[in-house]
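Reviewing the structure listed below.
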Amino acid sequence: ATAATTPPAAEGETAPKSAQPEEPEKEEWEVQRDSHKQSADDAFRSRDYPTAIAHYTNALSLDPSNHILLSNRSATHLANGEKSKALSDARECIQANDAFTKGYSRLAAAMMSLGRWGEAKNAYGTVLKREPENAAAKKGMEDCRTREVASNRAEMDLLKKQKEEKVAAEAAAKAKAKQEEEEAKNKAEETAA
């Protein structure tokens, strides 16, 4: 038996409807969301972060659990110096789609910006479990380790300095008390003489 085939359309004709893949028409809200996203992406590339944030926020008002929009707004908040907002969006992104690895990269970047090295390392660890060759996550993990060591060293130096200051203050207080005691003793001897 010969399989029936549809002949190719002649020049200038369109293929029969059954041969054309049908894409469902987008709902009006999806068109608006995508328009806001495109405007946000363009503003981000132009480094106009406040405008990008506004457009991502408008897009999210139409699709609040869209993990890509949350991820992009997180990156934009971070680029705009809004670390806590970046962290919040990264967490929401992961909550919306735990399988979206880039969400963990956003979380790690926000944690690093806040000096939370251990939490950033955990997030980068999740990225590396899923994508062992992810160069950005490898570098981020190394940066976390380096900064964590430097932070621990600075904390130890501060504790050492505080201890030295305390010992010096105690020694000064003892010396002053001894001097006052000697002065009182000398005064008492002068009065008795």
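FYI, nothing fancy with the structure tokens labels: chains A, B, ... in order, residues from 1 per chain, ligands from 1 as they appear.
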Alpha helix (DSSP H) call set, DSSP backbone run, region 82-155 of chain A, as an NGL selection string: :A and (83-96 or 101-113 or 117-130 or 135-155)
Contacts of region 67-73 of chain A at 12 Å (only C-alpha atoms; same-chain gap of 4+ positions) as a PyMOL selection string: chain A and resi 33-34+36-38+40-45+49-63+77-80+82-83+85-110
Length of the CA of Gly125 (chain A) to CA of Met141 (chain A) vector [Å]: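 Taking CA of Gly125 (chain A) as the start and CA of Met141 (chain A) as the end point, the length is 7.6 Å.
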Shell of 9 Å around Asp143 (chain A), only C-alpha atoms, local chain residues under 4 positions omitted, as a list in words: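 Near neighbours after the sequence-gap exclusion: Met112, Trp117, Lys138, Lys139, Arg147 and Glu148 of chain A.
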Same residues, N, CA, C and O atoms, output as an mmCIF file, in the first residue's frame:
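Once everything was written out, this is part_13.cif:
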```cif
data_model
loop_
_atom_site.group_PDB
_atom_site.id
_atom_site.type_symbol
_atom_site.label_atom_id
_atom_site.label_comp_id
_atom_site.auth_asym_id
_atom_site.auth_seq_id
_atom_site.Cartn_x
_atom_site.Cartn_y
_atom_site.Cartn_z
ATOM 1 N N MET A 112 25.406 36.796 47.793
ATOM 2 C CA MET A 112 26.782 37.306 47.787
ATOM 3 C C MET A 112 26.792 38.818 47.997
ATOM 4 O O MET A 112 27.614 39.340 48.747
ATOM 5 N N TRP A 117 27.876 34.591 52.568
ATOM 6 C CA TRP A 117 28.703 33.676 51.782
ATOM 7 C C TRP A 117 28.237 32.232 51.873
ATOM 8 O O TRP A 117 28.210 31.531 50.850
ATOM 9 N N LYS A 138 30.892 28.054 39.085
ATOM 10 C CA LYS A 138 32.213 27.667 39.599
ATOM 11 C C LYS A 138 32.958 28.892 40.125
ATOM 12 O O LYS A 138 33.539 28.865 41.206
ATOM 13 N N LYS A 139 32.922 29.975 39.323
ATOM 14 C CA LYS A 139 33.599 31.207 39.735
ATOM 15 C C LYS A 139 32.923 31.786 40.979
ATOM 16 O O LYS A 139 33.594 32.213 41.912
ATOM 17 N N ARG A 147 35.967 35.132 49.751
ATOM 18 C CA ARG A 147 35.399 36.199 50.581
ATOM 19 C C ARG A 147 35.077 35.712 51.978
ATOM 20 O O ARG A 147 35.197 36.465 52.947
ATOM 21 N N GLU A 148 34.675 34.462 52.089
ATOM 22 C CA GLU A 148 34.372 33.901 53.409
ATOM 23 C C GLU A 148 35.646 33.832 54.252
ATOM 24 O O GLU A 148 35.644 34.199 55.427
#
```
CA of Ala171 (chain A) to CA of Lys185 (chain A), straight-line distance in Å: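 Straight-line distance from CA of Lys185 (chain A) to CA of Ala171 (chain A) works out to 20.8 Å.
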Proximity to Ala150 (chain A) - best of A:Pro64, A:Ala173, A:Lys129, A:Gly115, only C-alpha atoms: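 Closest residue, counting only C-alpha atoms: A:Gly115.
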Two-atom distance - CA of Lys160 (chain A), CA of Glu142 (chain A) (Å):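 Answer for the CA of Lys160 (chain A) to CA of Glu142 (chain A) separation: 27.0 Å.
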